[in-house]
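Heads up, model.cif below (mmCIF, C-alpha atoms):
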```
data_entry
#
loop_
_atom_site.label_atom_id
_atom_site.label_comp_id
_atom_site.auth_asym_id
_atom_site.auth_seq_id
_atom_site.Cartn_x
_atom_site.Cartn_y
_atom_site.Cartn_z
CA MET W 3 0.00 0.00 0.00
CA SER W 4 1.42 3.32 -1.00
CA LEU W 5 2.02 6.08 1.49
CA ALA W 6 -0.61 8.38 0.01
CA ARG W 7 -3.25 5.68 0.29
CA LYS W 8 -2.37 4.99 3.91
CA PHE W 9 -2.59 8.68 4.65
CA ILE W 10 -6.03 8.95 3.08
CA LEU W 11 -7.27 5.88 4.98
CA ILE W 12 -5.98 7.25 8.27
CA LEU W 13 -7.66 10.56 7.55
CA PHE W 14 -10.87 8.73 6.72
CA PHE W 15 -10.92 6.80 10.00
CA PHE W 16 -9.99 9.87 11.93
CA SER W 17 -12.82 11.87 10.46
CA ALA W 18 -15.25 8.99 10.98
CA SER W 19 -14.33 8.61 14.65
CA ALA W 20 -14.39 12.34 15.18
CA HIS W 21 -17.82 12.31 13.66
CA ALA W 22 -18.99 9.60 16.05
CA ILE W 23 -17.74 11.47 19.11
CA SER W 24 -19.41 14.71 18.26
CA ALA W 25 -22.54 13.15 16.76
CA ASP W 26 -24.76 14.04 19.72
CA LYS W 27 -23.58 17.60 19.72
CA ILE W 28 -24.06 17.92 15.98
CA GLN W 29 -27.56 16.48 16.18
CA ASP W 30 -28.63 19.45 18.27
CA GLU W 31 -26.84 21.93 16.11
CA LYS W 32 -28.00 20.49 12.80
CA GLY W 33 -31.48 21.98 13.06
CA ASP W 34 -29.96 25.39 13.80
CA ILE W 35 -27.54 25.12 10.90
CA LYS W 36 -30.28 24.12 8.50
CA SER W 37 -32.42 27.11 9.37
CA GLU W 38 -29.34 29.33 9.32
CA ILE W 39 -28.44 28.13 5.82
CA LYS W 40 -32.02 28.70 4.70
CA SER W 41 -32.08 32.28 5.96
CA TYR W 42 -28.59 32.87 4.52
CA ILE W 43 -29.69 31.75 1.04
CA LYS W 44 -32.92 33.72 1.25
CA HIS W 45 -31.04 36.83 2.31
CA HIS W 46 -28.48 36.58 -0.47
CA LEU W 47 -31.02 36.16 -3.25
CA LYS W 48 -32.50 39.54 -2.45
CA ASP W 49 -31.43 42.96 -3.55
CA ALA W 50 -29.27 44.75 -0.99
CA HIS W 51 -28.03 48.21 -0.14
CA SER W 52 -24.33 47.29 -0.35
CA PHE W 53 -21.93 44.99 -2.20
CA TYR W 54 -21.31 42.48 0.56
CA LEU W 55 -18.15 40.43 0.16
CA THR W 56 -17.41 38.66 3.43
CA SER W 57 -17.44 39.02 7.21
CA PHE W 58 -15.40 37.62 10.07
CA THR W 59 -15.68 37.61 13.86
CA ASN W 60 -12.85 38.61 16.13
CA ASP W 61 -12.41 35.75 18.63
CA GLU W 62 -11.19 37.96 21.48
CA THR W 63 -13.67 40.82 21.35
CA GLY W 64 -16.48 38.93 19.59
CA LYS W 65 -16.95 41.84 17.23
CA LYS W 66 -18.12 41.12 13.70
CA THR W 67 -16.37 42.95 10.87
CA TYR W 68 -18.03 43.26 7.49
CA ILE W 69 -16.07 43.74 4.28
CA GLU W 70 -18.36 45.45 1.80
CA ILE W 71 -18.78 48.35 -0.57
CA PRO W 72 -21.50 50.69 0.72
CA LEU W 73 -23.92 52.30 -1.74
CA PRO W 74 -25.92 55.53 -1.48
CA VAL W 75 -29.38 55.45 0.04
CA ILE W 76 -31.92 57.90 -1.38
CA LEU W 77 -35.24 58.19 0.41
CA TYR W 78 -38.24 60.34 -0.38
CA ASP W 79 -40.11 61.09 2.80
CA ASN W 80 -41.05 64.77 3.21
CA GLY W 81 -38.16 65.74 1.00
CA LEU W 82 -35.19 63.85 -0.39
CA LYS W 83 -32.71 62.30 2.03
CA PHE W 84 -29.24 61.04 1.22
CA PHE W 85 -26.86 58.94 3.29
CA THR W 86 -24.68 55.88 2.73
CA SER W 87 -25.82 52.39 3.56
CA SER W 88 -22.83 51.84 5.89
CA GLU W 89 -24.68 53.89 8.53
CA PHE W 90 -27.20 51.09 8.99
CA LYS W 91 -24.47 48.69 10.23
CA HIS W 92 -26.44 45.71 8.87
CA GLY W 93 -29.65 46.67 10.59
CA LYS W 94 -28.02 47.08 13.99
CA GLU W 95 -28.21 50.85 14.21
CA VAL W 96 -30.89 53.45 13.71
CA VAL W 97 -30.16 56.28 11.29
CA VAL W 98 -31.44 59.77 12.09
CA SER W 99 -32.24 62.14 9.25
CA ASN W 100 -34.33 65.32 9.71
CA GLU W 101 -35.65 64.06 13.06
CA THR W 102 -37.02 60.84 11.53
CA PHE W 103 -35.57 57.47 12.41
CA TYR W 104 -34.86 54.76 9.86
CA ARG W 105 -33.75 51.21 10.38
CA MET W 106 -33.01 48.44 7.89
CA ASN W 107 -34.53 45.02 8.47
CA TYR W 108 -31.83 42.40 8.01
CA ASP W 109 -34.21 39.69 6.79
CA ASN W 110 -35.65 41.48 3.78
CA ASN W 111 -33.15 44.34 3.29
CA LYS W 112 -35.88 46.96 3.38
CA ILE W 113 -35.81 50.30 5.15
CA TYR W 114 -38.55 51.14 7.65
CA LYS W 115 -39.47 54.19 9.70
CA THR W 116 -39.08 53.40 13.37
CA ASP W 117 -39.02 55.12 16.76
CA LYS W 118 -35.86 56.18 18.55
CA GLU W 119 -34.96 52.64 19.71
CA GLY W 120 -35.60 51.14 16.30
CA THR W 121 -38.37 48.70 17.24
CA PHE W 122 -40.28 46.81 14.57
CA ASN W 123 -43.97 46.14 15.10
CA PHE W 124 -44.93 42.70 13.86
CA SER W 125 -48.40 41.54 12.89
CA GLU W 126 -49.66 38.11 13.90
CA SER W 127 -48.47 36.55 10.65
CA GLY W 128 -44.97 38.00 11.13
CA LYS W 129 -45.29 40.93 8.77
CA ILE W 130 -43.68 44.23 9.68
CA LEU W 131 -46.29 46.93 10.22
CA ASN W 132 -43.89 49.90 10.27
CA GLU W 133 -44.32 52.56 7.62
CA LYS W 134 -41.95 52.42 4.65
CA PRO W 135 -40.47 55.55 3.03
CA LEU W 136 -40.29 55.74 -0.76
CA ASP W 137 -36.97 54.09 -1.56
CA PHE W 138 -35.04 55.35 -4.60
CA SER W 139 -31.71 53.99 -3.41
CA ILE W 140 -28.91 52.92 -5.71
CA THR W 141 -29.06 49.30 -4.65
CA LYS W 142 -26.75 46.46 -5.64
CA ASN W 143 -28.86 45.57 -8.68
CA ILE W 144 -29.21 49.14 -9.87
CA ALA W 145 -25.48 49.76 -9.50
CA THR W 146 -24.83 46.62 -11.57
CA ILE W 147 -27.28 47.73 -14.25
CA PHE W 148 -25.46 51.08 -14.45
CA LEU W 149 -22.14 49.27 -14.64
CA VAL W 150 -23.32 46.97 -17.45
CA SER W 151 -24.88 49.88 -19.36
CA ILE W 152 -21.71 51.95 -19.19
CA LEU W 153 -19.58 48.93 -20.11
CA MET W 154 -21.79 48.13 -23.11
CA PHE W 155 -21.88 51.76 -24.26
CA LEU W 156 -18.10 52.15 -24.10
CA LEU W 157 -17.41 48.72 -25.59
CA PHE W 158 -19.71 48.94 -28.58
CA THR W 159 -19.12 52.60 -29.46
CA SER W 160 -15.37 52.00 -29.44
CA LEU W 161 -15.88 48.87 -31.52
CA ALA W 162 -17.89 50.83 -34.07
CA LYS W 163 -15.14 53.45 -34.23
CA SER W 164 -12.42 50.84 -34.62
CA TYR W 165 -14.09 49.58 -37.81
CA LYS W 166 -13.82 53.03 -39.32
CA SER W 167 -10.12 53.40 -38.56
CA ASN W 168 -9.29 49.89 -39.77
CA ASN W 169 -11.00 49.88 -43.19
CA GLY W 170 -13.99 47.83 -42.02
CA ILE W 171 -11.98 44.96 -40.55
CA SER W 172 -12.46 44.05 -36.90
CA LYS W 173 -9.51 44.10 -34.56
CA GLY W 174 -8.80 43.37 -30.90
CA ILE W 175 -11.89 42.35 -28.93
CA GLY W 176 -13.98 43.05 -32.00
CA ARG W 177 -12.78 39.72 -33.37
CA PHE W 178 -14.58 38.07 -30.48
CA PHE W 179 -17.80 40.08 -30.75
CA GLU W 180 -18.16 40.27 -34.52
CA PRO W 181 -19.16 36.60 -35.03
CA ILE W 182 -21.72 36.87 -32.21
CA ILE W 183 -23.31 39.98 -33.71
CA ILE W 184 -23.36 38.42 -37.18
CA TYR W 185 -24.85 35.25 -35.70
CA ILE W 186 -27.67 37.28 -34.15
CA ARG W 187 -28.30 38.98 -37.47
CA ASP W 188 -28.05 35.97 -39.78
CA ASP W 189 -29.39 33.17 -37.60
CA ILE W 190 -31.78 34.89 -35.22
CA ALA W 191 -33.15 38.06 -36.84
CA ILE W 192 -33.35 37.26 -40.54
CA PRO W 193 -34.92 33.75 -40.39
CA ASN W 194 -37.48 34.76 -37.76
CA ILE W 195 -38.41 38.29 -38.80
CA GLY W 196 -37.69 38.26 -42.52
CA LEU W 197 -35.34 40.22 -44.76
CA LYS W 198 -37.76 43.10 -45.23
CA HIS W 199 -38.25 44.17 -41.62
CA TYR W 200 -35.33 42.79 -39.61
CA LYS W 201 -33.28 46.00 -39.54
CA ARG W 202 -35.80 47.83 -37.36
CA PHE W 203 -35.44 45.26 -34.58
CA MET W 204 -31.68 44.59 -34.72
CA SER W 205 -30.71 47.27 -32.18
CA PHE W 206 -33.20 45.96 -29.64
CA LEU W 207 -32.21 42.33 -30.16
CA LEU W 208 -28.49 43.07 -29.83
CA THR W 209 -29.03 45.21 -26.73
CA ILE W 210 -31.20 42.65 -24.99
CA PHE W 211 -28.82 39.79 -25.85
CA PHE W 212 -25.70 41.48 -24.52
CA PHE W 213 -27.48 42.99 -21.51
CA VAL W 214 -28.90 39.66 -20.37
CA TRP W 215 -25.66 37.85 -21.10
CA PHE W 216 -23.44 40.30 -19.20
CA CYS W 217 -25.85 40.43 -16.27
CA ASN W 218 -25.96 36.63 -16.11
CA ILE W 219 -22.17 36.38 -16.19
CA LEU W 220 -21.84 39.07 -13.49
CA GLY W 221 -24.27 37.05 -11.36
CA LEU W 222 -21.67 34.26 -11.21
CA THR W 223 -18.96 36.48 -9.72
CA PRO W 224 -18.39 36.64 -5.94
CA LEU W 225 -20.03 40.09 -5.85
CA GLY W 226 -23.24 38.10 -5.53
CA VAL W 227 -25.41 40.28 -7.73
CA ASN W 228 -28.63 38.69 -8.87
CA VAL W 229 -29.86 41.07 -11.57
CA THR W 230 -31.61 38.74 -14.00
CA GLY W 231 -32.80 36.59 -11.10
CA ASN W 232 -34.94 39.49 -9.94
CA ILE W 233 -38.49 39.33 -11.22
CA ALA W 234 -38.90 43.12 -11.45
CA ILE W 235 -36.04 43.37 -13.92
CA THR W 236 -37.10 40.44 -16.10
CA PHE W 237 -40.61 41.92 -16.01
CA CYS W 238 -39.27 45.17 -17.51
CA LEU W 239 -37.32 43.30 -20.18
CA ALA W 240 -40.39 41.25 -21.13
CA LEU W 241 -42.53 44.41 -21.07
CA LEU W 242 -40.21 45.98 -23.67
CA THR W 243 -40.71 42.96 -25.94
CA PHE W 244 -44.48 43.15 -25.38
CA ILE W 245 -44.64 46.88 -26.18
CA ILE W 246 -42.57 46.53 -29.35
CA THR W 247 -44.64 43.54 -30.51
CA THR W 248 -47.90 45.39 -29.88
CA ILE W 249 -46.82 48.62 -31.53
CA SER W 250 -45.34 46.99 -34.64
CA GLY W 251 -48.27 44.59 -35.08
CA THR W 252 -49.76 44.86 -38.57
CA LYS W 253 -53.40 44.57 -39.54
CA ASP W 254 -52.79 40.93 -40.45
CA TYR W 255 -51.40 40.20 -36.97
CA TRP W 256 -54.49 41.53 -35.19
CA MET W 257 -56.79 39.84 -37.69
CA HIS W 258 -55.12 36.52 -36.98
CA ILE W 259 -55.71 37.05 -33.28
CA PHE W 260 -59.33 38.19 -33.29
CA TRP W 261 -60.77 36.72 -36.49
CA MET W 262 -58.58 33.88 -37.75
CA PRO W 263 -59.21 33.62 -41.50
CA GLY W 264 -59.95 30.26 -43.11
CA MET W 265 -61.72 28.77 -40.10
CA PRO W 266 -65.37 27.87 -39.52
CA LEU W 267 -67.32 30.44 -37.52
CA PRO W 268 -67.68 28.50 -34.22
CA MET W 269 -63.94 27.88 -34.17
CA LYS W 270 -63.30 31.58 -34.73
CA ILE W 271 -65.35 32.42 -31.64
CA ILE W 272 -63.47 29.85 -29.55
CA MET W 273 -60.05 30.85 -30.88
CA ALA W 274 -60.34 34.60 -30.32
CA PRO W 275 -60.09 34.61 -26.49
CA ILE W 276 -57.37 31.95 -26.53
CA GLU W 277 -55.28 33.92 -29.00
CA LEU W 278 -55.86 37.12 -27.02
CA LEU W 279 -54.65 35.35 -23.89
CA GLY W 280 -51.62 34.18 -25.86
CA VAL W 281 -50.60 37.78 -26.47
CA PHE W 282 -50.06 38.20 -22.74
CA ILE W 283 -48.79 34.70 -22.01
CA LYS W 284 -45.89 35.07 -24.46
CA PRO W 285 -44.09 37.91 -22.60
CA PHE W 286 -45.16 36.37 -19.27
CA THR W 287 -43.29 33.14 -20.02
CA LEU W 288 -40.28 35.18 -21.21
CA MET W 289 -40.24 36.87 -17.82
CA ILE W 290 -40.69 33.68 -15.79
CA ARG W 291 -38.18 31.63 -17.81
CA LEU W 292 -35.26 33.98 -17.36
CA TYR W 293 -36.08 34.71 -13.71
CA ALA W 294 -36.60 31.10 -12.68
CA ASN W 295 -33.57 29.74 -14.53
CA ILE W 296 -31.14 32.21 -13.01
CA LEU W 297 -32.69 32.03 -9.56
CA ALA W 298 -32.62 28.22 -9.59
CA GLY W 299 -28.95 28.29 -10.57
CA GLN W 300 -28.09 30.64 -7.70
CA ILE W 301 -30.02 28.55 -5.17
CA VAL W 302 -28.32 25.32 -6.31
CA MET W 303 -24.87 26.93 -6.10
CA MET W 304 -25.41 28.25 -2.60
CA THR W 305 -26.96 25.01 -1.37
CA LEU W 306 -23.98 23.01 -2.64
CA ILE W 307 -21.55 25.36 -0.93
CA SER W 308 -23.60 25.12 2.29
CA MET W 309 -23.07 21.34 2.23
CA ILE W 310 -19.66 21.99 3.80
CA PHE W 311 -21.31 23.19 6.99
CA LEU W 312 -23.78 20.31 7.07
CA PHE W 313 -21.29 17.47 6.63
CA ARG W 314 -18.31 18.95 8.49
CA ASN W 315 -15.77 16.47 7.19
CA PHE W 316 -13.33 16.48 4.34
CA ILE W 317 -15.41 14.14 2.17
CA GLY W 318 -18.39 16.45 2.28
CA SER W 319 -16.24 19.49 1.62
CA GLY W 320 -14.49 17.86 -1.32
CA LEU W 321 -17.77 16.69 -2.76
CA SER W 322 -19.28 20.12 -2.27
CA PHE W 323 -16.34 21.76 -4.01
CA LEU W 324 -16.50 19.38 -6.96
CA LEU W 325 -20.25 19.74 -7.41
CA ALA W 326 -20.13 23.52 -7.05
CA PHE W 327 -17.34 23.66 -9.63
CA PHE W 328 -19.35 21.49 -12.01
CA ILE W 329 -22.51 23.55 -11.55
CA SER W 330 -20.52 26.77 -12.08
CA ILE W 331 -19.41 25.53 -15.49
CA ILE W 332 -22.99 24.58 -16.37
CA GLU W 333 -24.11 28.02 -15.20
CA ILE W 334 -21.74 29.69 -17.66
CA LEU W 335 -23.51 27.74 -20.40
CA VAL W 336 -26.94 28.60 -18.96
CA ALA W 337 -26.00 32.30 -18.87
CA LEU W 338 -25.37 32.25 -22.62
CA LEU W 339 -28.30 29.95 -23.38
CA GLN W 340 -30.85 32.08 -21.54
CA ALA W 341 -29.66 35.24 -23.30
CA TYR W 342 -29.95 33.37 -26.61
CA ILE W 343 -33.43 32.02 -25.84
CA PHE W 344 -34.67 35.42 -24.75
CA THR W 345 -33.39 37.00 -27.96
CA ILE W 346 -34.63 34.31 -30.32
CA LEU W 347 -38.11 34.24 -28.76
CA SER W 348 -38.32 38.04 -28.92
CA ALA W 349 -37.34 37.83 -32.59
CA LEU W 350 -39.98 35.14 -33.12
CA TYR W 351 -42.71 37.32 -31.58
CA PHE W 352 -41.63 40.33 -33.67
CA GLY W 353 -41.74 38.04 -36.68
CA PHE W 354 -45.37 37.12 -35.91
CA ALA W 355 -46.23 40.81 -35.56
CA VAL W 356 -44.80 41.97 -38.91
CA GLU W 357 -45.54 38.82 -40.93
CA GLU W 358 -47.32 39.44 -44.22
CA HIS W 359 -49.89 36.91 -45.39
CA ASP W 360 -51.21 36.54 -48.91
CA HIS W 361 -54.84 35.53 -48.63
CA MET X 29 -57.68 14.01 1.89
CA GLU X 30 -55.59 17.01 1.02
CA ILE X 31 -52.72 16.47 -1.43
CA PRO X 32 -49.68 18.58 -0.54
CA ALA X 33 -48.57 21.16 -3.11
CA ILE X 34 -45.12 19.61 -3.36
CA VAL X 35 -46.67 16.52 -5.02
CA GLY X 36 -47.90 18.85 -7.75
CA GLY X 37 -44.35 20.18 -8.09
CA GLY X 38 -43.08 16.64 -8.61
CA LEU X 39 -45.74 15.97 -11.24
CA ILE X 40 -44.76 19.17 -13.06
CA VAL X 41 -41.13 18.09 -13.15
CA ILE X 42 -42.11 14.65 -14.48
CA GLY X 43 -44.24 16.23 -17.21
CA VAL X 44 -41.60 18.72 -18.25
CA GLY X 45 -38.96 15.99 -18.18
CA ILE X 46 -40.99 13.79 -20.52
CA GLY X 47 -41.66 16.76 -22.79
CA ILE X 48 -38.04 17.90 -23.09
CA GLY X 49 -36.90 14.28 -23.38
CA GLY X 50 -39.23 13.79 -26.33
CA ILE X 51 -37.95 16.95 -27.99
CA GLY X 52 -34.34 15.88 -27.46
CA ARG X 53 -35.04 12.42 -28.82
CA GLY X 54 -36.77 13.85 -31.90
CA ALA X 55 -33.86 16.19 -32.53
CA MET X 56 -31.31 13.39 -32.15
CA GLU X 57 -33.16 11.20 -34.62
CA ALA X 58 -33.51 14.08 -37.06
CA ILE X 59 -29.79 14.87 -36.83
CA GLY X 60 -29.03 11.20 -37.37
CA ARG X 61 -31.06 11.24 -40.57
CA GLN X 62 -29.93 14.67 -41.77
CA PRO X 63 -26.50 15.52 -40.33
CA ASP X 64 -26.26 18.53 -42.65
CA ALA X 65 -29.26 20.24 -41.07
CA TYR X 66 -27.63 20.12 -37.61
CA GLY X 67 -27.73 23.89 -36.99
CA LYS X 68 -31.36 24.35 -37.96
CA ILE X 69 -32.52 21.32 -35.95
CA GLN X 70 -30.61 22.49 -32.90
CA THR X 71 -32.22 25.95 -33.02
CA ALA X 72 -35.69 24.47 -33.37
CA MET X 73 -34.96 22.03 -30.55
CA LEU X 74 -33.84 24.81 -28.20
CA ILE X 75 -36.95 26.87 -28.93
CA GLY X 76 -39.21 23.89 -28.31
CA ALA X 77 -37.39 22.96 -25.12
CA ALA X 78 -37.55 26.55 -23.90
CA LEU X 79 -41.30 26.72 -24.49
CA VAL X 80 -41.93 23.48 -22.56
CA GLU X 81 -39.62 24.64 -19.80
CA GLY X 82 -41.46 27.96 -19.66
CA ILE X 83 -44.75 26.18 -18.96
CA GLY X 84 -43.04 24.18 -16.24
CA PHE X 85 -41.62 27.29 -14.60
CA ALA X 86 -44.94 29.08 -14.89
CA ALA X 87 -46.65 26.18 -13.09
CA MET X 88 -43.93 26.17 -10.43
CA PHE X 89 -44.39 29.88 -10.00
CA VAL X 90 -48.12 29.46 -9.41
CA LEU X 91 -47.30 26.72 -6.91
#
```
Structure translated into structure tokens:
Amino acid sequence: MSLARKFILILFFFSASAHAISADKIQDEKGDIKSEIKSYIKHHLKDAHSFYLTSFTNDETGKKTYIEIPLPVILYDNGLKFFTSSEFKHGKEVVVSNETFYRMNYDNNKIYKTDKEGTFNFSESGKILNEKPLDFSITKNIATIFLVSILMFLLFTSLAKSYKSNNGISKGIGRFFEPIIIYIRDDIAIPNIGLKHYKRFMSFLLTIFFFVWFCNILGLTPLGVNVTGNIAITFCLALLTFIITTISGTKDYWMHIFWMPGMPLPMKIIMAPIELLGVFIKPFTLMIRLYANILAGQIVMMTLISMIFLFRNFIGSGLSFLLAFFISIIEILVALLQAYIFTILSALYFGFAVEEHDH
Amino acid sequence: MEIPAIVGGGLIVIGVGIGIGGIGRGAMEAIGRQPDAYGKIQTAMLIGAALVEGIGFAAMFVL
């Protein structure tokens, strides 16, 4: 038996015996850990008022230090109020502004008006009854959207300029982006919308593809942003598709919805409400698909990492690392795939709206 | 007797699994017959799978 094998076996027995000794203790703690993991995952899926990186506790003083990037808080409550989110100290302290007291609730990351001591009044079902000010803060998600917008603006304007200076040949990072843009034009826009109308929709399709893709990729970084896994944001993206489809709908499109030609009269009456419902279901599924896919990915990642604290031995940790690594690679694929699906389905819906029939 | 909602979730997953499996199988067979049309079949397969998946997610969301 080789030395490495012996070492692993010894480690295995050691961990097994250590597990047996502390089994009773762990049994009590396991329930706590499970609920702690649950609240941790729930907390980190939500939008926050700061970019939270990590925290550690000083063993001697017992003081918890947070490493994070604070973001500005903007409240509208009898006039605008500005302060940074670091003043909340993770919901531990009450912030005073113009003689009103504000406190952040750690569980849902929302700001409430409180009294001087910062007490929350709970209803019987556990809801917070305190009044909420209008919150226009630059939260984590909004900061990321700004970042992605600026990045995209700088990237693509400079790319467009570089074509001019280089006689229409891409160079640098343009060599990476050119095939993607041409793919969207030749394989997404033209087959689905048609040669006659595709140019009108190209700018929207390209913007939505790169926005969703960049946001998805940023969601995999340790900054822990969850932009496309937030239903409000996917709702806005789907709403844009819905508005453009509705506005650019031709007479034929509406006729096919309300009075399908070439069908017997009773069928026409049955089809009309179903088709009308379909108009709203299409953007609704766009919204849900993107949101649920990204959210599910984030939950799976965090659950796998939490396995370390459940198993508390090197086998569990190794397994957790391997699985998390594997899921991360799949998530990179999902990030691209979801951006692609969102774009191609948008193009498909635009294609329905501008389609010309000869009957 | 009341059936817990999580049973419905399981049924949704089974249904969506069968649906996407069927789409994947159809695409594989089509590619086997027409290897040249690989790109077109793949696109159509992804759209079909995404639509089925969307229904599944919508049902989960209602759950």
Once the PyMOL selection byres ((chain W and resi 224) around 12) has been evaluated on this model, what residues remain selected, and can you format them as a PyMOL selection string?
chain W and resi 46+53-56+70+219-223+225-228+300+303-304+330
Export, as a PDB file, in the frame of the given file, the selected residues with C-alpha atoms.
```
ATOM      1  CA  HIS W  46     -28.480  36.580  -0.470  1.00  0.00           C
ATOM      2  CA  PHE W  53     -21.930  44.990  -2.200  1.00  0.00           C
ATOM      3  CA  TYR W  54     -21.310  42.480   0.560  1.00  0.00           C
ATOM      4  CA  LEU W  55     -18.150  40.430   0.160  1.00  0.00           C
ATOM      5  CA  THR W  56     -17.410  38.660   3.430  1.00  0.00           C
ATOM      6  CA  GLU W  70     -18.360  45.450   1.800  1.00  0.00           C
ATOM      7  CA  ILE W 219     -22.170  36.380 -16.190  1.00  0.00           C
ATOM      8  CA  LEU W 220     -21.840  39.070 -13.490  1.00  0.00           C
ATOM      9  CA  GLY W 221     -24.270  37.050 -11.360  1.00  0.00           C
ATOM     10  CA  LEU W 222     -21.670  34.260 -11.210  1.00  0.00           C
ATOM     11  CA  THR W 223     -18.960  36.480  -9.720  1.00  0.00           C
ATOM     12  CA  LEU W 225     -20.030  40.090  -5.850  1.00  0.00           C
ATOM     13  CA  GLY W 226     -23.240  38.100  -5.530  1.00  0.00           C
ATOM     14  CA  VAL W 227     -25.410  40.280  -7.730  1.00  0.00           C
ATOM     15  CA  ASN W 228     -28.630  38.690  -8.870  1.00  0.00           C
ATOM     16  CA  GLN W 300     -28.090  30.640  -7.700  1.00  0.00           C
ATOM     17  CA  MET W 303     -24.870  26.930  -6.100  1.00  0.00           C
ATOM     18  CA  MET W 304     -25.410  28.250  -2.600  1.00  0.00           C
ATOM     19  CA  SER W 330     -20.520  26.770 -12.080  1.00  0.00           C
TER      20      SER W 330
END
```
**Request:** Would you mind telling me which residue in W:Ile332, W:Leu297, W:Met309, W:Met273 lies nearest to chain X when using all atoms listed in the file?
**Result:**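 Selected residue with least distance to chain X: W:Leu297.
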Any chance you could resolve the PyMOL selection byres ((chain W) within 12 of (chain X)) against this file and give the residues as a CSV table (one decimal) with C-alpha atoms, in the coordinates of the input?
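Heads up, here's the output in expr31.csv:
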```csv
chain,number,residue,atom,x,y,z
W,185,TYR,CA,-24.8,35.2,-35.7
W,189,ASP,CA,-29.4,33.2,-37.6
W,190,ILE,CA,-31.8,34.9,-35.2
W,193,PRO,CA,-34.9,33.8,-40.4
W,194,ASN,CA,-37.5,34.8,-37.8
W,233,ILE,CA,-38.5,39.3,-11.2
W,283,ILE,CA,-48.8,34.7,-22.0
W,284,LYS,CA,-45.9,35.1,-24.5
W,285,PRO,CA,-44.1,37.9,-22.6
W,286,PHE,CA,-45.2,36.4,-19.3
W,287,THR,CA,-43.3,33.1,-20.0
W,288,LEU,CA,-40.3,35.2,-21.2
W,289,MET,CA,-40.2,36.9,-17.8
W,290,ILE,CA,-40.7,33.7,-15.8
W,291,ARG,CA,-38.2,31.6,-17.8
W,292,LEU,CA,-35.3,34.0,-17.4
W,293,TYR,CA,-36.1,34.7,-13.7
W,294,ALA,CA,-36.6,31.1,-12.7
W,295,ASN,CA,-33.6,29.7,-14.5
W,296,ILE,CA,-31.1,32.2,-13.0
W,297,LEU,CA,-32.7,32.0,-9.6
W,298,ALA,CA,-32.6,28.2,-9.6
W,336,VAL,CA,-26.9,28.6,-19.0
W,339,LEU,CA,-28.3,30.0,-23.4
W,340,GLN,CA,-30.8,32.1,-21.5
W,341,ALA,CA,-29.7,35.2,-23.3
W,342,TYR,CA,-30.0,33.4,-26.6
W,343,ILE,CA,-33.4,32.0,-25.8
W,344,PHE,CA,-34.7,35.4,-24.8
W,345,THR,CA,-33.4,37.0,-28.0
W,346,ILE,CA,-34.6,34.3,-30.3
W,347,LEU,CA,-38.1,34.2,-28.8
W,348,SER,CA,-38.3,38.0,-28.9
W,349,ALA,CA,-37.3,37.8,-32.6
W,350,LEU,CA,-40.0,35.1,-33.1
```
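We find CA of Trp261 (chain W) and CA of Val80 (chain X) to be spaced 26.9 Å apart.
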What is the distance between CA of Met73 (chain X) and CA of Thr243 (chain W), in Å to one decimal?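 Interatomic distance, CA of Met73 (chain X) to CA of Thr243 (chain W): 22.2 Å.
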> Suppose you want the space between CA of Ser41 (chain W) and CA of Phe216 (chain W); what is it in Å?
Replying inline: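 According to the coordinates, CA of Ser41 (chain W) and CA of Phe216 (chain W) are separated by 27.8 Å.
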* Hey, what's within 12 Å of Ser205 (chain W) if we count all atoms listed in the file and toss same-chain stuff fewer than 3 positions away? As a VMD selection string, please? -> chain W and resid 158 183 186 to 187 191 200 to 202 208 to 213 345 349
| request: For the point (-27.1, 65.1, 5.1) in the file's frame, write as a PyMOL selection string all residues with an atom no more than 12 Å away, counting all atoms listed in the file. | output: chain W and resi 74-77+81-86+89+97-101
Asp117 (chain W) surroundings by all atoms listed in the file, 9 Å radius, close-in-sequence under 6 positions cut, as a list in words: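 In the requested form, the answer reads Val96, Thr102, Phe103 and Tyr104 of chain W.
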Dump of C-alpha atoms for the selected residues, as a CSV table (one decimal), keeping the file's coordinate frame:
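Okay, this is what ended up in part.csv:
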```csv
chain,number,residue,atom,x,y,z
W,96,VAL,CA,-30.9,53.4,13.7
W,102,THR,CA,-37.0,60.8,11.5
W,103,PHE,CA,-35.6,57.5,12.4
W,104,TYR,CA,-34.9,54.8,9.9
```
**OP:** Run through the PyMOL selection byres ((chain W and resi 130) around 12) on the given coordinates and return the selected residues as a PyMOL selection string.
**Re:** chain W and resi 106-107+109-110+112-116+121-129+131-134
Those selected residues, please, written with C-alpha atoms and delivered as a CSV table (one decimal), in the frame of the given file.
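Once written, part-v9.csv looks like this:
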```csv
chain,number,residue,atom,x,y,z
W,106,MET,CA,-33.0,48.4,7.9
W,107,ASN,CA,-34.5,45.0,8.5
W,109,ASP,CA,-34.2,39.7,6.8
W,110,ASN,CA,-35.6,41.5,3.8
W,112,LYS,CA,-35.9,47.0,3.4
W,113,ILE,CA,-35.8,50.3,5.2
W,114,TYR,CA,-38.6,51.1,7.6
W,115,LYS,CA,-39.5,54.2,9.7
W,116,THR,CA,-39.1,53.4,13.4
W,121,THR,CA,-38.4,48.7,17.2
W,122,PHE,CA,-40.3,46.8,14.6
W,123,ASN,CA,-44.0,46.1,15.1
W,124,PHE,CA,-44.9,42.7,13.9
W,125,SER,CA,-48.4,41.5,12.9
W,126,GLU,CA,-49.7,38.1,13.9
W,127,SER,CA,-48.5,36.6,10.6
W,128,GLY,CA,-45.0,38.0,11.1
W,129,LYS,CA,-45.3,40.9,8.8
W,131,LEU,CA,-46.3,46.9,10.2
W,132,ASN,CA,-43.9,49.9,10.3
W,133,GLU,CA,-44.3,52.6,7.6
W,134,LYS,CA,-42.0,52.4,4.6
```
